[in-house]
file data_31.pdb (PDB, C-alpha atoms, pLDDT in the B column)
ATOM      1  CA  MET H  39     115.302 130.483 162.235  1.00 54.00           C
ATOM      2  CA  ASP H  40     115.782 129.885 158.494  1.00 59.00           C
ATOM      3  CA  ASP H  41     119.514 130.690 158.745  1.00 62.00           C
ATOM      4  CA  PHE H  42     119.813 128.424 161.766  1.00 56.00           C
ATOM      5  CA  ALA H  43     117.877 125.671 159.974  1.00 58.00           C
ATOM      6  CA  SER H  44     120.208 125.803 156.980  1.00 62.00           C
ATOM      7  CA  LEU H  45     123.233 124.713 159.042  1.00 65.00           C
ATOM      8  CA  ASP H  46     123.874 121.025 158.385  1.00 70.00           C
ATOM      9  CA  PRO H  47     125.410 120.238 161.815  1.00 74.00           C
ATOM     10  CA  VAL H  48     122.359 121.716 163.534  1.00 65.00           C
ATOM     11  CA  LYS H  49     119.975 119.752 161.307  1.00 68.00           C
ATOM     12  CA  MET H  50     121.903 116.515 161.804  1.00 75.00           C
ATOM     13  CA  PHE H  51     122.004 116.967 165.587  1.00 76.00           C
ATOM     14  CA  LEU H  52     118.297 117.728 165.881  1.00 73.00           C
ATOM     15  CA  ALA H  53     117.326 114.950 163.464  1.00 74.00           C
ATOM     16  CA  SER H  54     119.259 112.469 165.602  1.00 81.00           C
ATOM     17  CA  ILE H  55     117.045 113.116 168.631  1.00 85.00           C
ATOM     18  CA  GLY H  56     114.006 110.925 168.189  1.00 82.00           C
ATOM     19  CA  ASN H  57     113.510 109.420 171.624  1.00 88.00           C
ATOM     20  CA  PRO H  58     110.308 110.917 173.083  1.00 89.00           C
ATOM     21  CA  LEU H  59     111.625 110.768 176.665  1.00 92.00           C
ATOM     22  CA  ILE H  60     114.787 112.671 175.752  1.00 93.00           C
ATOM     23  CA  LEU H  61     112.726 115.271 173.875  1.00 92.00           C
ATOM     24  CA  VAL H  62     110.393 115.689 176.879  1.00 94.00           C
ATOM     25  CA  LEU H  63     113.448 116.074 179.123  1.00 94.00           C
ATOM     26  CA  ILE H  64     114.990 118.675 176.780  1.00 91.00           C
ATOM     27  CA  GLY H  65     111.690 120.580 176.668  1.00 91.00           C
ATOM     28  CA  THR H  66     111.506 120.470 180.468  1.00 93.00           C
ATOM     29  CA  LEU H  67     115.074 121.708 180.928  1.00 91.00           C
ATOM     30  CA  LEU H  68     114.813 124.480 178.348  1.00 89.00           C
ATOM     31  CA  THR H  69     111.574 125.735 179.873  1.00 91.00           C
ATOM     32  CA  ALA H  70     113.071 125.585 183.357  1.00 91.00           C
ATOM     33  CA  ILE H  71     115.988 127.699 182.133  1.00 89.00           C
ATOM     34  CA  ILE H  72     113.924 130.339 180.331  1.00 87.00           C
ATOM     35  CA  GLN H  73     111.024 130.003 182.813  1.00 85.00           C
ATOM     36  CA  SER H  74     108.326 130.342 180.171  1.00 85.00           C
ATOM     37  CA  SER H  75     106.521 127.506 178.428  1.00 86.00           C
ATOM     38  CA  SER H  76     104.923 130.035 176.075  1.00 86.00           C
ATOM     39  CA  VAL H  77     108.312 131.235 174.858  1.00 87.00           C
ATOM     40  CA  LEU H  78     109.589 127.700 174.339  1.00 87.00           C
ATOM     41  CA  THR H  79     106.389 126.667 172.569  1.00 88.00           C
ATOM     42  CA  SER H  80     106.726 129.690 170.261  1.00 88.00           C
ATOM     43  CA  ILE H  81     110.332 128.728 169.497  1.00 87.00           C
ATOM     44  CA  VAL H  82     109.331 125.113 168.862  1.00 89.00           C
ATOM     45  CA  ILE H  83     106.490 126.196 166.543  1.00 89.00           C
ATOM     46  CA  THR H  84     109.010 128.268 164.585  1.00 86.00           C
ATOM     47  CA  MET H  85     111.415 125.309 164.451  1.00 85.00           C
ATOM     48  CA  VAL H  86     108.675 123.009 163.136  1.00 87.00           C
ATOM     49  CA  PHE H  87     107.495 125.595 160.618  1.00 86.00           C
ATOM     50  CA  SER H  88     111.030 126.137 159.290  1.00 82.00           C
ATOM     51  CA  GLY H  89     111.634 122.384 159.022  1.00 83.00           C
ATOM     52  CA  LEU H  90     114.387 122.345 161.624  1.00 84.00           C
ATOM     53  CA  ILE H  91     112.544 119.641 163.567  1.00 87.00           C
ATOM     54  CA  ASN H  92     109.594 117.448 162.676  1.00 88.00           C
ATOM     55  CA  LEU H  93     106.144 117.726 164.209  1.00 90.00           C
ATOM     56  CA  ASN H  94     106.609 114.766 166.554  1.00 89.00           C
ATOM     57  CA  GLN H  95     109.797 116.265 167.965  1.00 91.00           C
ATOM     58  CA  GLY H  96     107.935 119.526 168.472  1.00 92.00           C
ATOM     59  CA  ILE H  97     105.084 117.731 170.216  1.00 92.00           C
ATOM     60  CA  TYR H  98     107.384 116.039 172.718  1.00 93.00           C
ATOM     61  CA  LEU H  99     109.340 119.251 173.356  1.00 93.00           C
ATOM     62  CA  THR H 100     106.025 121.008 174.005  1.00 93.00           C
ATOM     63  CA  MET H 101     104.957 118.270 176.401  1.00 94.00           C
ATOM     64  CA  GLY H 102     108.213 118.808 178.285  1.00 94.00           C
ATOM     65  CA  SER H 103     107.573 122.539 178.386  1.00 93.00           C
ATOM     66  CA  ASN H 104     104.439 121.846 180.424  1.00 92.00           C
ATOM     67  CA  ILE H 105     106.545 120.150 183.094  1.00 94.00           C
ATOM     68  CA  GLY H 106     109.222 122.837 182.923  1.00 93.00           C
ATOM     69  CA  SER H 107     106.616 125.523 183.548  1.00 90.00           C
ATOM     70  CA  CYS H 108     106.300 124.191 187.103  1.00 90.00           C
ATOM     71  CA  VAL H 109     109.792 125.412 188.006  1.00 90.00           C
ATOM     72  CA  VAL H 110     108.598 128.968 188.573  1.00 87.00           C
ATOM     73  CA  ALA H 111     105.910 127.793 191.005  1.00 87.00           C
ATOM     74  CA  ILE H 112     108.372 125.500 192.791  1.00 90.00           C
ATOM     75  CA  ILE H 113     110.902 128.317 193.175  1.00 89.00           C
ATOM     76  CA  ALA H 114     108.201 130.668 194.449  1.00 87.00           C
ATOM     77  CA  ALA H 115     106.999 128.054 196.942  1.00 89.00           C
ATOM     78  CA  ILE H 116     110.396 127.424 198.515  1.00 88.00           C
ATOM     79  CA  GLY H 117     110.125 130.218 201.053  1.00 85.00           C
ATOM     80  CA  SER H 118     106.350 130.105 201.314  1.00 86.00           C
ATOM     81  CA  GLY H 119     103.853 128.371 203.521  1.00 88.00           C
ATOM     82  CA  THR H 120     102.488 124.860 203.393  1.00 89.00           C
ATOM     83  CA  ASN H 121      99.607 125.661 201.053  1.00 88.00           C
ATOM     84  CA  ALA H 122     101.940 127.315 198.539  1.00 88.00           C
ATOM     85  CA  ARG H 123     104.222 124.259 198.563  1.00 89.00           C
ATOM     86  CA  ARG H 124     101.218 121.955 198.131  1.00 88.00           C
ATOM     87  CA  THR H 125      99.961 124.037 195.224  1.00 87.00           C
ATOM     88  CA  ALA H 126     103.368 123.936 193.519  1.00 90.00           C
ATOM     89  CA  LEU H 127     103.564 120.173 194.031  1.00 90.00           C
ATOM     90  CA  LEU H 128     100.050 119.669 192.637  1.00 89.00           C
ATOM     91  CA  HIS H 129     100.959 121.805 189.635  1.00 88.00           C
ATOM     92  CA  LEU H 130     103.956 119.540 189.008  1.00 92.00           C
ATOM     93  CA  VAL H 131     101.938 116.336 189.553  1.00 91.00           C
ATOM     94  CA  PHE H 132      99.182 117.599 187.234  1.00 90.00           C
ATOM     95  CA  ASN H 133     101.616 118.354 184.398  1.00 92.00           C
ATOM     96  CA  VAL H 134     103.650 115.165 184.865  1.00 94.00           C
ATOM     97  CA  MET H 135     100.392 113.180 184.894  1.00 93.00           C
ATOM     98  CA  GLY H 136      99.387 114.744 181.576  1.00 93.00           C
ATOM     99  CA  VAL H 137     102.739 113.982 179.967  1.00 95.00           C
ATOM    100  CA  VAL H 138     102.703 110.386 181.236  1.00 95.00           C
ATOM    101  CA  LEU H 139      99.142 109.959 179.961  1.00 93.00           C
ATOM    102  CA  PHE H 140     100.051 111.221 176.494  1.00 92.00           C
ATOM    103  CA  LEU H 141     103.264 109.183 176.387  1.00 92.00           C
ATOM    104  CA  LEU H 142     101.193 106.087 177.183  1.00 91.00           C
ATOM    105  CA  ILE H 143      98.729 107.022 174.435  1.00 89.00           C
ATOM    106  CA  ALA H 144     101.629 107.446 171.988  1.00 86.00           C
ATOM    107  CA  LEU H 145     103.076 104.077 173.004  1.00 85.00           C
ATOM    108  CA  THR H 146      99.660 102.429 172.627  1.00 85.00           C
ATOM    109  CA  LEU H 147      99.186 103.977 169.188  1.00 81.00           C
ATOM    110  CA  ASN H 148     102.561 102.612 168.089  1.00 78.00           C
ATOM    111  CA  LEU H 149     101.878  99.143 169.487  1.00 77.00           C
ATOM    112  CA  LEU H 150      98.361  98.807 168.065  1.00 75.00           C
ATOM    113  CA  SER H 151      98.888 100.281 164.621  1.00 72.00           C
ATOM    114  CA  LYS H 152     100.683  98.532 161.831  1.00 65.00           C
ATOM    115  CA  SER H 153     101.333 101.772 159.966  1.00 60.00           C
ATOM    116  CA  ALA H 154     103.172 103.689 162.719  1.00 63.00           C
ATOM    117  CA  VAL H 155     100.405 106.089 163.725  1.00 64.00           C
ATOM    118  CA  ASP H 156     101.654 108.912 165.910  1.00 78.00           C
ATOM    119  CA  PHE H 157     100.517 112.312 167.118  1.00 83.00           C
ATOM    120  CA  GLY H 158     102.276 114.031 164.230  1.00 80.00           C
ATOM    121  CA  ARG H 159     100.401 112.048 161.594  1.00 82.00           C
ATOM    122  CA  ILE H 160      97.095 112.532 163.370  1.00 83.00           C
ATOM    123  CA  PHE H 161      97.466 116.318 163.544  1.00 88.00           C
ATOM    124  CA  GLU H 162      98.862 116.509 159.996  1.00 85.00           C
ATOM    125  CA  THR H 163      95.690 114.743 158.834  1.00 86.00           C
ATOM    126  CA  PHE H 164      93.327 117.129 160.615  1.00 89.00           C
ATOM    127  CA  PHE H 165      95.311 120.315 159.879  1.00 88.00           C
ATOM    128  CA  PRO H 166      97.178 119.749 156.583  1.00 87.00           C
ATOM    129  CA  HIS H 167      99.865 122.139 155.363  1.00 85.00           C
ATOM    130  CA  ALA H 168      99.919 124.170 158.588  1.00 87.00           C
ATOM    131  CA  PRO H 169     102.632 122.870 160.948  1.00 85.00           C
ATOM    132  CA  GLN H 170     102.296 125.842 163.280  1.00 86.00           C
ATOM    133  CA  LEU H 171      98.573 125.140 163.654  1.00 89.00           C
ATOM    134  CA  GLN H 172      99.205 121.413 164.116  1.00 91.00           C
ATOM    135  CA  LEU H 173     101.504 122.008 167.072  1.00 90.00           C
ATOM    136  CA  ALA H 174      99.321 124.723 168.577  1.00 90.00           C
ATOM    137  CA  MET H 175      96.258 122.458 168.351  1.00 91.00           C
ATOM    138  CA  PHE H 176      98.162 119.569 169.934  1.00 91.00           C
ATOM    139  CA  HIS H 177      99.170 121.846 172.801  1.00 90.00           C
ATOM    140  CA  THR H 178      95.573 122.973 173.298  1.00 91.00           C
ATOM    141  CA  ILE H 179      94.164 119.446 173.142  1.00 92.00           C
ATOM    142  CA  PHE H 180      96.900 118.190 175.483  1.00 92.00           C
ATOM    143  CA  ASN H 181      96.012 120.764 178.127  1.00 90.00           C
ATOM    144  CA  VAL H 182      92.240 120.310 177.777  1.00 93.00           C
ATOM    145  CA  CYS H 183      92.476 116.503 177.992  1.00 92.00           C
ATOM    146  CA  THR H 184      94.798 116.688 181.006  1.00 91.00           C
ATOM    147  CA  MET H 185      92.355 119.022 182.728  1.00 90.00           C
ATOM    148  CA  LEU H 186      89.414 116.716 181.928  1.00 92.00           C
ATOM    149  CA  VAL H 187      91.258 113.752 183.443  1.00 89.00           C
ATOM    150  CA  ALA H 188      92.091 115.736 186.590  1.00 86.00           C
ATOM    151  CA  LEU H 189      88.663 117.339 186.926  1.00 89.00           C
ATOM    152  CA  PRO H 190      87.089 114.428 188.878  1.00 89.00           C
ATOM    153  CA  LEU H 191      89.939 114.713 191.389  1.00 82.00           C
ATOM    154  CA  THR H 192      89.190 118.354 192.174  1.00 80.00           C
ATOM    155  CA  GLU H 193      87.147 117.620 195.296  1.00 82.00           C
ATOM    156  CA  ARG H 194      89.911 115.476 196.774  1.00 78.00           C
ATOM    157  CA  LEU H 195      92.570 118.041 195.979  1.00 70.00           C
TER     158      LEU H 195
END
call {"tool": "encode", "arguments": {"input": "data_31.pdb", "output": "structure tokens"}}
result
Amino acid sequence: MDDFASLDPVKMFLASIGNPLILVLIGTLLTAIIQSSSVLTSIVITMVFSGLINLNQGIYLTMGSNIGSCVVAIIAAIGSGTNARRTALLHLVFNVMGVVLFLLIALTLNLLSKSAVDFGRIFETFFPHAPQLQLAMFHTIFNVCTMLVALPLTERL
């Protein structure tokens, strides 16, 4: 990744992508293509660690990877029964709900703070000098919080 990160056109292209929605979409598409959120998250951690992208870009790509991970379940459910299709749809709804929730939190943080607080700064504060740990901890907290929000809905689902 260091050789890749040293290419100026690559750095300029990646630095130009700052829109969280575009980054989530890219993360979703890349994960759908490689069909593994773990692989994409590992790549993104390496990109953050090497300085190719910043932590916030990595966070939004990782959020998109959660949505992209649903593609495998959706593909598997195509020729399956009703319960399999429902499960795949709930998997998608669950992950989209988590991303929307965290995008709303990010928007709220930006609107309420005068010093541009964002997820990157928060995780850099709690885990200084360890970008790989910062992104991994965000990913863990994202999934735990999404599960906690969905937990009261379990009976209805």
call {"tool": "resolve_selection", "arguments": {"input": "data_31.pdb", "expression": "the PyMOL selection byres ((chain H and resi 55) around 12)", "output": "PyMOL selection string"}}
result
chain H and resi 48-54+56-64+90-92+94-96+98-99
call {"tool": "residues_around", "arguments": {"input": "data_31.pdb", "residues": "range 172-189 of chain H", "least_positions_apart": "6", "cutoff": "6 Å", "atoms": "only C-alpha atoms", "output": "JSON, numbers by chain"}}
result
{"H": [136, 161, 165]}
call {"tool": "write_last_selection", "arguments": {"input": "data_31.pdb", "atoms": "C-alpha atoms", "output": "short mmCIF file (atom, residue, chain, number, x, y, z; two decimals), in the coordinates of the input"}}
result
data_model
loop_
_atom_site.label_atom_id
_atom_site.label_comp_id
_atom_site.auth_asym_id
_atom_site.auth_seq_id
_atom_site.Cartn_x
_atom_site.Cartn_y
_atom_site.Cartn_z
CA GLY H 136 99.39 114.74 181.58
CA PHE H 161 97.47 116.32 163.54
CA PHE H 165 95.31 120.32 159.88
#
call {"tool": "axis_aligned_box", "arguments": {"input": "data_31.pdb", "around": "range 172-189 of chain H", "padding_each_side": "8 Å", "output": "JSON"}}
result
{"center_x": 95.1, "center_y": 119.2, "center_z": 175.5, "size_x": 28.8, "size_y": 27.0, "size_z": 38.8}
call {"tool": "resolve_selection", "arguments": {"input": "data_31.pdb", "expression": "the PyMOL selection byres ((chain H and resi 144) around 12)", "output": "PyMOL selection string"}}
result
chain H and resi 58-59+94+97-98+137-143+145-151+154-160
call {"tool": "residues_around", "arguments": {"input": "data_31.pdb", "residues": "Val82 in chain H", "least_positions_apart": "3", "cutoff": "8 Å", "atoms": "all atoms listed in the file", "output": "PyMOL selection string"}}
result
chain H and resi 78-79+85-86+96+99-100
call {"tool": "resolve_selection", "arguments": {"input": "data_31.pdb", "expression": "the PyMOL selection byres ((chain H and resi 69) around 12)", "output": "ChimeraX atom specification"}}
result
/H:62-68,70-82,99-110
call {"tool": "closest_residue", "arguments": {"input": "data_31.pdb", "among": "H:Ile116, H:Ile83, H:Ala111, H:Leu93", "to": "Leu128 in chain H", "atoms": "all atoms listed in the file"}}
result
H:Ala111
call {"tool": "atom_distance", "arguments": {"input": "data_31.pdb", "atom1": "CA of Leu195 in chain H", "atom2": "CA of Leu130 in chain H"}}
result
13.4 Å
call {"tool": "closest_residue", "arguments": {"input": "data_31.pdb", "among": "H:Phe132, H:Leu171, H:Thr125, H:Pro47", "to": "Leu191 in chain H", "atoms": "all atoms listed in the file"}}
result
H:Phe132
call {"tool": "atom_distance", "arguments": {"input": "data_31.pdb", "atom1": "CA of Asn133 in chain H", "atom2": "CA of Ala115 in chain H"}}
result
16.7 Å
call {"tool": "atom_distance", "arguments": {"input": "data_31.pdb", "atom1": "CA of Pro169 in chain H", "atom2": "CA of Met135 in chain H"}}
result
25.9 Å
